[in-house]
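Step one of this worksheet: look at the structure below.
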Amino acid sequence: MHNKKQHKSTRKGRPEKDLYYLNIAKAVAQRSPCIRRRFGAIIVREDAIISTGYNGPARGSINCDEVGCLKEIMNIPSYTGYDYCPAVHAEENALLNAARQGSKVIGGILYLYREKLDGNIVEEGRPCDRCKRALINAGIKQVITLKPDGNIKKYKVSDWAKEDEKNYLKKLKEEQQKKQTKP
């Protein structure tokens, strides 16, 4: 029988669970054909990986790493210009891959990893507004990502619905005011 001290020593170097899953999401990101940023996502439910996804075009479509990136040519910043990018986002692909297999994601946690192409500079993988809405509707309860300083960041998905409503109402009010001030 092991005593507590022996048990602790055998666990040295073993990553805590969030970091373990983020490292798997990092490996998934390596499959991305994007020439600007790589994202990897995994969905975990009841401590089991349900699905994975990375950013890239629809199945059977051409990859940017084969022909070039329109967003790069047009110098369009990240998190904008979705009309110019054929990619399905990592979060979306993880949800879609789960659906293809009939896997339940309600109550799951999505781990999201983002990196630049050199593979060394980690950027916080925050979902775009479109992906936030998909995660809300799919029933994902939390998104966990890695910050550039190596710290783990946790998002409560239910908070995003409130933020989305607030942002929409703010934009609506601004546009209504613009319309009223025009002659």
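Here's how to read the names in the structure tokens: chain A, B, ... by the order shown, residue numbers from 1 in each chain, ligand numbers from 1 in the order shown.
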
Practice task
Once DSSP has gone over the backbone, tell me which residues of segment 11-173 of chain A are in strand (DSSP E), as a ChimeraX atom specification.
Solution key: /A:37-45,48-54,56-57,87-88,109-116,122-123,142-146,152-156

Which residues are near segment 32-45 of chain A? Cut-off 8 Å, only C-alpha atoms, ignore same chain within fewer than 3 positions. Put them as a PDB file with all heavy atoms, in the first residue's frame.
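Saved result, part.pdb, follows:
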```pdb
ATOM      1  N   TYR A  21      -6.193  18.696 -21.041  1.00  0.00           N
ATOM      2  CA  TYR A  21      -7.129  18.842 -22.158  1.00  0.00           C
ATOM      3  C   TYR A  21      -6.699  19.957 -23.106  1.00  0.00           C
ATOM      4  O   TYR A  21      -6.870  19.837 -24.327  1.00  0.00           O
ATOM      5  CB  TYR A  21      -8.547  19.078 -21.641  1.00  0.00           C
ATOM      6  CG  TYR A  21      -9.185  17.840 -21.063  1.00  0.00           C
ATOM      7  CD1 TYR A  21      -9.766  17.864 -19.807  1.00  0.00           C
ATOM      8  CD2 TYR A  21      -9.220  16.636 -21.772  1.00  0.00           C
ATOM      9  CE1 TYR A  21     -10.363  16.726 -19.270  1.00  0.00           C
ATOM     10  CE2 TYR A  21      -9.808  15.500 -21.250  1.00  0.00           C
ATOM     11  CZ  TYR A  21     -10.377  15.549 -20.004  1.00  0.00           C
ATOM     12  OH  TYR A  21     -10.970  14.423 -19.481  1.00  0.00           O
ATOM     13  N   ILE A  24      -4.215  18.598 -25.469  1.00  0.00           N
ATOM     14  CA  ILE A  24      -4.857  17.824 -26.534  1.00  0.00           C
ATOM     15  C   ILE A  24      -5.433  18.768 -27.583  1.00  0.00           C
ATOM     16  O   ILE A  24      -5.295  18.531 -28.792  1.00  0.00           O
ATOM     17  CB  ILE A  24      -5.932  16.876 -25.956  1.00  0.00           C
ATOM     18  CG1 ILE A  24      -5.260  15.816 -25.074  1.00  0.00           C
ATOM     19  CG2 ILE A  24      -6.744  16.216 -27.078  1.00  0.00           C
ATOM     20  CD1 ILE A  24      -6.214  14.964 -24.274  1.00  0.00           C
ATOM     21  N   ALA A  25      -6.062  19.868 -27.133  1.00  0.00           N
ATOM     22  CA  ALA A  25      -6.588  20.864 -28.083  1.00  0.00           C
ATOM     23  C   ALA A  25      -5.453  21.461 -28.912  1.00  0.00           C
ATOM     24  O   ALA A  25      -5.621  21.745 -30.101  1.00  0.00           O
ATOM     25  CB  ALA A  25      -7.353  21.953 -27.329  1.00  0.00           C
ATOM     26  N   LYS A  26      -4.289  21.630 -28.300  1.00  0.00           N
ATOM     27  CA  LYS A  26      -3.114  22.130 -29.036  1.00  0.00           C
ATOM     28  C   LYS A  26      -2.727  21.141 -30.141  1.00  0.00           C
ATOM     29  O   LYS A  26      -2.430  21.543 -31.270  1.00  0.00           O
ATOM     30  CB  LYS A  26      -1.938  22.343 -28.081  1.00  0.00           C
ATOM     31  CG  LYS A  26      -0.689  22.828 -28.760  1.00  0.00           C
ATOM     32  CD  LYS A  26       0.447  23.028 -27.765  1.00  0.00           C
ATOM     33  CE  LYS A  26       1.690  23.546 -28.469  1.00  0.00           C
ATOM     34  NZ  LYS A  26       2.784  23.783 -27.526  1.00  0.00           N
ATOM     35  N   ALA A  27      -2.743  19.856 -29.835  1.00  0.00           N
ATOM     36  CA  ALA A  27      -2.425  18.844 -30.849  1.00  0.00           C
ATOM     37  C   ALA A  27      -3.451  18.866 -31.975  1.00  0.00           C
ATOM     38  O   ALA A  27      -3.098  18.742 -33.152  1.00  0.00           O
ATOM     39  CB  ALA A  27      -2.359  17.461 -30.201  1.00  0.00           C
ATOM     40  N   VAL A  28      -4.727  19.064 -31.635  1.00  0.00           N
ATOM     41  CA  VAL A  28      -5.788  19.148 -32.647  1.00  0.00           C
ATOM     42  C   VAL A  28      -5.537  20.352 -33.560  1.00  0.00           C
ATOM     43  O   VAL A  28      -5.721  20.270 -34.784  1.00  0.00           O
ATOM     44  CB  VAL A  28      -7.182  19.223 -31.978  1.00  0.00           C
ATOM     45  CG1 VAL A  28      -8.270  19.515 -32.998  1.00  0.00           C
ATOM     46  CG2 VAL A  28      -7.478  17.931 -31.217  1.00  0.00           C
ATOM     47  N   ALA A  29      -5.097  21.469 -32.982  1.00  0.00           N
ATOM     48  CA  ALA A  29      -4.834  22.690 -33.761  1.00  0.00           C
ATOM     49  C   ALA A  29      -3.793  22.457 -34.855  1.00  0.00           C
ATOM     50  O   ALA A  29      -3.820  23.131 -35.899  1.00  0.00           O
ATOM     51  CB  ALA A  29      -4.377  23.817 -32.832  1.00  0.00           C
ATOM     52  N   ALA A  48     -14.768  12.762 -20.393  1.00  0.00           N
ATOM     53  CA  ALA A  48     -14.450  11.998 -21.599  1.00  0.00           C
ATOM     54  C   ALA A  48     -14.484  12.941 -22.797  1.00  0.00           C
ATOM     55  O   ALA A  48     -15.358  13.798 -22.891  1.00  0.00           O
ATOM     56  CB  ALA A  48     -15.457  10.872 -21.803  1.00  0.00           C
ATOM     57  N   ILE A  49     -13.539  12.782 -23.697  1.00  0.00           N
ATOM     58  CA  ILE A  49     -13.505  13.601 -24.905  1.00  0.00           C
ATOM     59  C   ILE A  49     -14.611  13.111 -25.842  1.00  0.00           C
ATOM     60  O   ILE A  49     -14.623  11.950 -26.253  1.00  0.00           O
ATOM     61  CB  ILE A  49     -12.130  13.544 -25.585  1.00  0.00           C
ATOM     62  CG1 ILE A  49     -11.069  14.128 -24.652  1.00  0.00           C
ATOM     63  CG2 ILE A  49     -12.163  14.299 -26.916  1.00  0.00           C
ATOM     64  CD1 ILE A  49      -9.648  13.938 -25.133  1.00  0.00           C
ATOM     65  N   ILE A  50     -15.516  14.017 -26.161  1.00  0.00           N
ATOM     66  CA  ILE A  50     -16.664  13.698 -27.009  1.00  0.00           C
ATOM     67  C   ILE A  50     -16.362  13.992 -28.472  1.00  0.00           C
ATOM     68  O   ILE A  50     -16.792  13.280 -29.368  1.00  0.00           O
ATOM     69  CB  ILE A  50     -17.895  14.540 -26.573  1.00  0.00           C
ATOM     70  CG1 ILE A  50     -18.247  14.277 -25.110  1.00  0.00           C
ATOM     71  CG2 ILE A  50     -19.083  14.329 -27.475  1.00  0.00           C
ATOM     72  CD1 ILE A  50     -18.554  12.847 -24.791  1.00  0.00           C
ATOM     73  N   SER A  51     -15.595  15.081 -28.700  1.00  0.00           N
ATOM     74  CA  SER A  51     -15.387  15.523 -30.073  1.00  0.00           C
ATOM     75  C   SER A  51     -14.181  16.444 -30.143  1.00  0.00           C
ATOM     76  O   SER A  51     -13.771  17.026 -29.132  1.00  0.00           O
ATOM     77  CB  SER A  51     -16.635  16.269 -30.550  1.00  0.00           C
ATOM     78  OG  SER A  51     -16.507  16.660 -31.895  1.00  0.00           O
ATOM     79  N   THR A  52     -13.648  16.583 -31.343  1.00  0.00           N
ATOM     80  CA  THR A  52     -12.563  17.535 -31.600  1.00  0.00           C
ATOM     81  C   THR A  52     -12.893  18.328 -32.863  1.00  0.00           C
ATOM     82  O   THR A  52     -13.712  17.903 -33.680  1.00  0.00           O
ATOM     83  CB  THR A  52     -11.204  16.820 -31.806  1.00  0.00           C
ATOM     84  OG1 THR A  52     -11.251  16.074 -33.031  1.00  0.00           O
ATOM     85  CG2 THR A  52     -10.871  15.908 -30.647  1.00  0.00           C
ATOM     86  N   GLY A  53     -12.233  19.460 -33.015  1.00  0.00           N
ATOM     87  CA  GLY A  53     -12.390  20.256 -34.228  1.00  0.00           C
ATOM     88  C   GLY A  53     -11.252  21.250 -34.342  1.00  0.00           C
ATOM     89  O   GLY A  53     -10.679  21.673 -33.341  1.00  0.00           O
ATOM     90  N   TYR A  54     -10.927  21.592 -35.560  1.00  0.00           N
ATOM     91  CA  TYR A  54      -9.933  22.640 -35.816  1.00  0.00           C
ATOM     92  C   TYR A  54     -10.480  23.551 -36.890  1.00  0.00           C
ATOM     93  O   TYR A  54     -11.433  23.207 -37.597  1.00  0.00           O
ATOM     94  CB  TYR A  54      -8.573  22.047 -36.217  1.00  0.00           C
ATOM     95  CG  TYR A  54      -8.623  21.077 -37.375  1.00  0.00           C
ATOM     96  CD1 TYR A  54      -8.589  21.510 -38.702  1.00  0.00           C
ATOM     97  CD2 TYR A  54      -8.712  19.708 -37.139  1.00  0.00           C
ATOM     98  CE1 TYR A  54      -8.643  20.613 -39.747  1.00  0.00           C
ATOM     99  CE2 TYR A  54      -8.758  18.798 -38.181  1.00  0.00           C
ATOM    100  CZ  TYR A  54      -8.717  19.257 -39.481  1.00  0.00           C
ATOM    101  OH  TYR A  54      -8.770  18.366 -40.522  1.00  0.00           O
ATOM    102  N   ASN A  55      -9.894  24.745 -37.033  1.00  0.00           N
ATOM    103  CA  ASN A  55     -10.372  25.678 -38.042  1.00  0.00           C
ATOM    104  C   ASN A  55      -9.852  25.269 -39.417  1.00  0.00           C
ATOM    105  O   ASN A  55      -8.683  24.969 -39.592  1.00  0.00           O
ATOM    106  CB  ASN A  55      -9.990  27.117 -37.697  1.00  0.00           C
ATOM    107  CG  ASN A  55      -8.501  27.348 -37.562  1.00  0.00           C
ATOM    108  OD1 ASN A  55      -7.793  26.543 -36.970  1.00  0.00           O
ATOM    109  ND2 ASN A  55      -8.006  28.454 -38.100  1.00  0.00           N
ATOM    110  N   GLY A  56     -10.781  25.239 -40.354  1.00  0.00           N
ATOM    111  CA  GLY A  56     -10.444  24.887 -41.724  1.00  0.00           C
ATOM    112  C   GLY A  56     -11.692  24.906 -42.576  1.00  0.00           C
ATOM    113  O   GLY A  56     -12.804  25.001 -42.057  1.00  0.00           O
ATOM    114  N   ASN A  63      -8.105  24.192 -49.310  1.00  0.00           N
ATOM    115  CA  ASN A  63      -7.476  24.761 -48.130  1.00  0.00           C
ATOM    116  C   ASN A  63      -6.666  26.002 -48.482  1.00  0.00           C
ATOM    117  O   ASN A  63      -6.032  26.050 -49.544  1.00  0.00           O
ATOM    118  CB  ASN A  63      -6.538  23.737 -47.475  1.00  0.00           C
ATOM    119  CG  ASN A  63      -7.265  22.564 -46.895  1.00  0.00           C
ATOM    120  OD1 ASN A  63      -8.335  22.714 -46.331  1.00  0.00           O
ATOM    121  ND2 ASN A  63      -6.694  21.381 -47.033  1.00  0.00           N
ATOM    122  N   CYS A  64      -6.672  26.960 -47.587  1.00  0.00           N
ATOM    123  CA  CYS A  64      -5.904  28.191 -47.811  1.00  0.00           C
ATOM    124  C   CYS A  64      -4.411  27.904 -47.943  1.00  0.00           C
ATOM    125  O   CYS A  64      -3.714  28.600 -48.674  1.00  0.00           O
ATOM    126  CB  CYS A  64      -6.147  29.189 -46.683  1.00  0.00           C
ATOM    127  SG  CYS A  64      -7.823  29.812 -46.648  1.00  0.00           S
ATOM    128  N   ASP A  65      -3.922  26.888 -47.243  1.00  0.00           N
ATOM    129  CA  ASP A  65      -2.496  26.587 -47.348  1.00  0.00           C
ATOM    130  C   ASP A  65      -2.133  26.017 -48.723  1.00  0.00           C
ATOM    131  O   ASP A  65      -0.969  25.888 -49.066  1.00  0.00           O
ATOM    132  CB  ASP A  65      -2.014  25.685 -46.218  1.00  0.00           C
ATOM    133  CG  ASP A  65      -2.610  24.291 -46.213  1.00  0.00           C
ATOM    134  OD1 ASP A  65      -3.512  23.996 -47.026  1.00  0.00           O
ATOM    135  OD2 ASP A  65      -2.177  23.487 -45.370  1.00  0.00           O
ATOM    136  N   GLY A  68      -3.615  30.114 -50.870  1.00  0.00           N
ATOM    137  CA  GLY A  68      -3.437  31.454 -50.323  1.00  0.00           C
ATOM    138  C   GLY A  68      -4.668  31.893 -49.544  1.00  0.00           C
ATOM    139  O   GLY A  68      -5.732  31.294 -49.635  1.00  0.00           O
ATOM    140  N   CYS A  69      -4.478  32.951 -48.783  1.00  0.00           N
ATOM    141  CA  CYS A  69      -5.525  33.436 -47.887  1.00  0.00           C
ATOM    142  C   CYS A  69      -5.992  34.826 -48.315  1.00  0.00           C
ATOM    143  O   CYS A  69      -5.200  35.774 -48.337  1.00  0.00           O
ATOM    144  CB  CYS A  69      -4.994  33.482 -46.455  1.00  0.00           C
ATOM    145  SG  CYS A  69      -6.118  34.235 -45.268  1.00  0.00           S
ATOM    146  N   GLU A  72      -5.586  37.428 -45.596  1.00  0.00           N
ATOM    147  CA  GLU A  72      -4.185  37.857 -45.468  1.00  0.00           C
ATOM    148  C   GLU A  72      -3.849  38.879 -46.556  1.00  0.00           C
ATOM    149  O   GLU A  72      -3.252  39.912 -46.287  1.00  0.00           O
ATOM    150  CB  GLU A  72      -3.264  36.636 -45.563  1.00  0.00           C
ATOM    151  CG  GLU A  72      -1.828  36.928 -45.243  1.00  0.00           C
ATOM    152  CD  GLU A  72      -1.572  37.174 -43.769  1.00  0.00           C
ATOM    153  OE1 GLU A  72      -2.381  36.797 -42.906  1.00  0.00           O
ATOM    154  OE2 GLU A  72      -0.527  37.781 -43.497  1.00  0.00           O
ATOM    155  N   HIS A  89     -15.037  27.338 -38.047  1.00  0.00           N
ATOM    156  CA  HIS A  89     -14.209  27.543 -36.857  1.00  0.00           C
ATOM    157  C   HIS A  89     -14.066  26.248 -36.063  1.00  0.00           C
ATOM    158  O   HIS A  89     -14.893  25.332 -36.162  1.00  0.00           O
ATOM    159  CB  HIS A  89     -14.806  28.642 -35.994  1.00  0.00           C
ATOM    160  CG  HIS A  89     -14.762  29.980 -36.664  1.00  0.00           C
ATOM    161  ND1 HIS A  89     -15.206  31.124 -36.054  1.00  0.00           N
ATOM    162  CD2 HIS A  89     -14.317  30.369 -37.885  1.00  0.00           C
ATOM    163  CE1 HIS A  89     -15.037  32.147 -36.859  1.00  0.00           C
ATOM    164  NE2 HIS A  89     -14.509  31.708 -37.991  1.00  0.00           N
ATOM    165  N   ALA A  90     -13.016  26.169 -35.275  1.00  0.00           N
ATOM    166  CA  ALA A  90     -12.717  24.973 -34.486  1.00  0.00           C
ATOM    167  C   ALA A  90     -13.880  24.601 -33.568  1.00  0.00           C
ATOM    168  O   ALA A  90     -14.253  23.421 -33.463  1.00  0.00           O
ATOM    169  CB  ALA A  90     -11.445  25.189 -33.662  1.00  0.00           C
ATOM    170  N   GLU A  91     -14.474  25.605 -32.929  1.00  0.00           N
ATOM    171  CA  GLU A  91     -15.591  25.352 -32.022  1.00  0.00           C
ATOM    172  C   GLU A  91     -16.781  24.764 -32.783  1.00  0.00           C
ATOM    173  O   GLU A  91     -17.423  23.818 -32.327  1.00  0.00           O
ATOM    174  CB  GLU A  91     -16.046  26.648 -31.325  1.00  0.00           C
ATOM    175  CG  GLU A  91     -14.950  27.391 -30.606  1.00  0.00           C
ATOM    176  CD  GLU A  91     -14.273  28.477 -31.437  1.00  0.00           C
ATOM    177  OE1 GLU A  91     -14.001  28.241 -32.635  1.00  0.00           O
ATOM    178  OE2 GLU A  91     -14.020  29.560 -30.890  1.00  0.00           O
ATOM    179  N   ALA A  94     -16.025  21.180 -33.792  1.00  0.00           N
ATOM    180  CA  ALA A  94     -16.169  20.255 -32.665  1.00  0.00           C
ATOM    181  C   ALA A  94     -17.647  19.940 -32.426  1.00  0.00           C
ATOM    182  O   ALA A  94     -18.009  18.777 -32.210  1.00  0.00           O
ATOM    183  CB  ALA A  94     -15.522  20.833 -31.406  1.00  0.00           C
ATOM    184  N   LEU A  95     -18.500  20.968 -32.483  1.00  0.00           N
ATOM    185  CA  LEU A  95     -19.942  20.736 -32.319  1.00  0.00           C
ATOM    186  C   LEU A  95     -20.504  19.886 -33.460  1.00  0.00           C
ATOM    187  O   LEU A  95     -21.281  18.956 -33.239  1.00  0.00           O
ATOM    188  CB  LEU A  95     -20.695  22.068 -32.241  1.00  0.00           C
ATOM    189  CG  LEU A  95     -20.451  22.924 -31.005  1.00  0.00           C
ATOM    190  CD1 LEU A  95     -21.081  24.300 -31.166  1.00  0.00           C
ATOM    191  CD2 LEU A  95     -20.959  22.232 -29.752  1.00  0.00           C
ATOM    192  N   VAL A 105     -23.624  16.846 -26.233  1.00  0.00           N
ATOM    193  CA  VAL A 105     -22.669  17.845 -25.743  1.00  0.00           C
ATOM    194  C   VAL A 105     -23.240  18.719 -24.629  1.00  0.00           C
ATOM    195  O   VAL A 105     -22.510  19.494 -24.017  1.00  0.00           O
ATOM    196  CB  VAL A 105     -22.145  18.749 -26.891  1.00  0.00           C
ATOM    197  CG1 VAL A 105     -21.417  17.930 -27.941  1.00  0.00           C
ATOM    198  CG2 VAL A 105     -23.253  19.579 -27.501  1.00  0.00           C
ATOM    199  N   GLY A 107     -24.056  20.339 -21.375  1.00  0.00           N
ATOM    200  CA  GLY A 107     -23.347  20.288 -20.104  1.00  0.00           C
ATOM    201  C   GLY A 107     -21.858  20.065 -20.243  1.00  0.00           C
ATOM    202  O   GLY A 107     -21.147  19.945 -19.250  1.00  0.00           O
ATOM    203  N   GLY A 108     -21.375  20.030 -21.485  1.00  0.00           N
ATOM    204  CA  GLY A 108     -19.955  19.788 -21.724  1.00  0.00           C
ATOM    205  C   GLY A 108     -19.103  21.027 -21.554  1.00  0.00           C
ATOM    206  O   GLY A 108     -19.591  22.151 -21.415  1.00  0.00           O
ATOM    207  N   ILE A 109     -17.810  20.798 -21.569  1.00  0.00           N
ATOM    208  CA  ILE A 109     -16.803  21.859 -21.497  1.00  0.00           C
ATOM    209  C   ILE A 109     -16.043  21.843 -22.816  1.00  0.00           C
ATOM    210  O   ILE A 109     -15.631  20.774 -23.290  1.00  0.00           O
ATOM    211  CB  ILE A 109     -15.827  21.629 -20.331  1.00  0.00           C
ATOM    212  CG1 ILE A 109     -16.576  21.646 -18.997  1.00  0.00           C
ATOM    213  CG2 ILE A 109     -14.715  22.673 -20.338  1.00  0.00           C
ATOM    214  CD1 ILE A 109     -15.725  21.194 -17.812  1.00  0.00           C
ATOM    215  N   LEU A 110     -15.855  23.017 -23.409  1.00  0.00           N
ATOM    216  CA  LEU A 110     -15.062  23.124 -24.628  1.00  0.00           C
ATOM    217  C   LEU A 110     -13.713  23.717 -24.253  1.00  0.00           C
ATOM    218  O   LEU A 110     -13.650  24.780 -23.624  1.00  0.00           O
ATOM    219  CB  LEU A 110     -15.750  23.995 -25.671  1.00  0.00           C
ATOM    220  CG  LEU A 110     -14.988  24.052 -26.998  1.00  0.00           C
ATOM    221  CD1 LEU A 110     -15.918  23.738 -28.159  1.00  0.00           C
ATOM    222  CD2 LEU A 110     -14.336  25.399 -27.202  1.00  0.00           C
ATOM    223  N   TYR A 111     -12.654  23.022 -24.618  1.00  0.00           N
ATOM    224  CA  TYR A 111     -11.287  23.506 -24.436  1.00  0.00           C
ATOM    225  C   TYR A 111     -10.836  24.054 -25.780  1.00  0.00           C
ATOM    226  O   TYR A 111     -10.948  23.372 -26.799  1.00  0.00           O
ATOM    227  CB  TYR A 111     -10.362  22.378 -23.978  1.00  0.00           C
ATOM    228  CG  TYR A 111     -10.628  21.958 -22.559  1.00  0.00           C
ATOM    229  CD1 TYR A 111     -11.608  21.023 -22.263  1.00  0.00           C
ATOM    230  CD2 TYR A 111      -9.916  22.520 -21.503  1.00  0.00           C
ATOM    231  CE1 TYR A 111     -11.868  20.640 -20.958  1.00  0.00           C
ATOM    232  CE2 TYR A 111     -10.169  22.147 -20.189  1.00  0.00           C
ATOM    233  CZ  TYR A 111     -11.143  21.216 -19.936  1.00  0.00           C
ATOM    234  OH  TYR A 111     -11.399  20.855 -18.629  1.00  0.00           O
ATOM    235  N   LEU A 112     -10.336  25.289 -25.763  1.00  0.00           N
ATOM    236  CA  LEU A 112      -9.965  25.968 -27.004  1.00  0.00           C
ATOM    237  C   LEU A 112      -8.519  26.438 -26.924  1.00  0.00           C
ATOM    238  O   LEU A 112      -8.123  27.124 -25.985  1.00  0.00           O
ATOM    239  CB  LEU A 112     -10.892  27.159 -27.234  1.00  0.00           C
ATOM    240  CG  LEU A 112     -10.692  27.942 -28.524  1.00  0.00           C
ATOM    241  CD1 LEU A 112     -10.971  27.067 -29.747  1.00  0.00           C
ATOM    242  CD2 LEU A 112     -11.597  29.170 -28.538  1.00  0.00           C
ATOM    243  N   TYR A 113      -7.743  26.063 -27.930  1.00  0.00           N
ATOM    244  CA  TYR A 113      -6.331  26.456 -28.001  1.00  0.00           C
ATOM    245  C   TYR A 113      -6.118  27.228 -29.295  1.00  0.00           C
ATOM    246  O   TYR A 113      -6.609  26.833 -30.349  1.00  0.00           O
ATOM    247  CB  TYR A 113      -5.429  25.216 -27.976  1.00  0.00           C
ATOM    248  CG  TYR A 113      -3.975  25.573 -27.978  1.00  0.00           C
ATOM    249  CD1 TYR A 113      -3.311  25.841 -26.784  1.00  0.00           C
ATOM    250  CD2 TYR A 113      -3.264  25.668 -29.163  1.00  0.00           C
ATOM    251  CE1 TYR A 113      -1.973  26.188 -26.777  1.00  0.00           C
ATOM    252  CE2 TYR A 113      -1.918  26.015 -29.170  1.00  0.00           C
ATOM    253  CZ  TYR A 113      -1.281  26.272 -27.979  1.00  0.00           C
ATOM    254  OH  TYR A 113       0.044  26.633 -27.974  1.00  0.00           O
ATOM    255  N   ARG A 114      -5.384  28.328 -29.203  1.00  0.00           N
ATOM    256  CA  ARG A 114      -5.080  29.166 -30.374  1.00  0.00           C
ATOM    257  C   ARG A 114      -3.594  29.467 -30.396  1.00  0.00           C
ATOM    258  O   ARG A 114      -2.995  29.751 -29.369  1.00  0.00           O
ATOM    259  CB  ARG A 114      -5.848  30.476 -30.277  1.00  0.00           C
ATOM    260  CG  ARG A 114      -5.542  31.448 -31.398  1.00  0.00           C
ATOM    261  CD  ARG A 114      -6.232  32.776 -31.162  1.00  0.00           C
ATOM    262  NE  ARG A 114      -5.994  33.679 -32.269  1.00  0.00           N
ATOM    263  CZ  ARG A 114      -6.158  34.971 -32.213  1.00  0.00           C
ATOM    264  NH1 ARG A 114      -6.576  35.538 -31.107  1.00  0.00           N
ATOM    265  NH2 ARG A 114      -5.925  35.722 -33.267  1.00  0.00           N
ATOM    266  N   GLU A 115      -3.015  29.408 -31.596  1.00  0.00           N
ATOM    267  CA  GLU A 115      -1.608  29.772 -31.729  1.00  0.00           C
ATOM    268  C   GLU A 115      -1.342  30.388 -33.095  1.00  0.00           C
ATOM    269  O   GLU A 115      -2.092  30.161 -34.038  1.00  0.00           O
ATOM    270  CB  GLU A 115      -0.704  28.563 -31.520  1.00  0.00           C
ATOM    271  CG  GLU A 115      -0.790  27.521 -32.614  1.00  0.00           C
ATOM    272  CD  GLU A 115       0.087  26.308 -32.359  1.00  0.00           C
ATOM    273  OE1 GLU A 115       0.595  26.157 -31.243  1.00  0.00           O
ATOM    274  OE2 GLU A 115       0.257  25.523 -33.292  1.00  0.00           O
ATOM    275  N   LYS A 116      -0.276  31.157 -33.133  1.00  0.00           N
ATOM    276  CA  LYS A 116       0.208  31.646 -34.423  1.00  0.00           C
ATOM    277  C   LYS A 116       0.932  30.500 -35.101  1.00  0.00           C
ATOM    278  O   LYS A 116       1.206  29.471 -34.495  1.00  0.00           O
ATOM    279  CB  LYS A 116       1.144  32.836 -34.220  1.00  0.00           C
ATOM    280  CG  LYS A 116       0.425  34.086 -33.747  1.00  0.00           C
ATOM    281  CD  LYS A 116       1.380  35.257 -33.679  1.00  0.00           C
ATOM    282  CE  LYS A 116       0.653  36.500 -33.222  1.00  0.00           C
ATOM    283  NZ  LYS A 116       1.556  37.652 -33.122  1.00  0.00           N
ATOM    284  N   LEU A 117       1.278  30.675 -36.337  1.00  0.00           N
ATOM    285  CA  LEU A 117       1.837  29.569 -37.103  1.00  0.00           C
ATOM    286  C   LEU A 117       3.219  29.116 -36.664  1.00  0.00           C
ATOM    287  O   LEU A 117       3.626  28.014 -36.981  1.00  0.00           O
ATOM    288  CB  LEU A 117       1.851  29.896 -38.592  1.00  0.00           C
ATOM    289  CG  LEU A 117       0.454  30.030 -39.199  1.00  0.00           C
ATOM    290  CD1 LEU A 117       0.531  30.142 -40.694  1.00  0.00           C
ATOM    291  CD2 LEU A 117      -0.431  28.869 -38.827  1.00  0.00           C
ATOM    292  N   GLY A 125      -7.399  31.890 -26.903  1.00  0.00           N
ATOM    293  CA  GLY A 125      -8.389  31.411 -27.857  1.00  0.00           C
ATOM    294  C   GLY A 125      -9.785  31.783 -27.407  1.00  0.00           C
ATOM    295  O   GLY A 125     -10.425  31.016 -26.715  1.00  0.00           O
TER     296      GLY A 125
END
```

Handout entry: Residues of chain A in alpha helix (DSSP H), written as an NGL selection string
Key = :A and (4-10 or 17-29 or 64-67 or 70-73 or 90-101 or 129-138 or 157-181)

Problem - Contacts of Trp160 of chain A within 12 Å, only C-alpha atoms, excl. fewer than 2 positions in-chain, as a list in words - result: Arg126, Pro127, Cys128, Asp129, Arg130, Cys131, Lys132, Arg133, Ala134, Leu135, Ile136, Asn137, Ile140, Lys141, Gln142, Val143, Tyr155, Lys156, Val157, Ser158, Lys162, Glu163, Asp164, Glu165, Lys166, Asn167 and Tyr168 of chain A

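Reported to one decimal place, the separation of atom CA of Pro57 of chain A from atom CA of Ala98 of chain A is 17.3 Å.
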
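Atom pair atom CA of Gln176 of chain A / atom CA of Ile76 of chain A has a distance of 27.9 Å (rounded to one decimal).
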
Problem - Atomic distance atom CA of Asn23 of chain A - atom CA of Ser103 of chain A, expressed in Å with one decimal - result: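 Interatomic distance, atom CA of Asn23 of chain A to atom CA of Ser103 of chain A: 22.1 Å.
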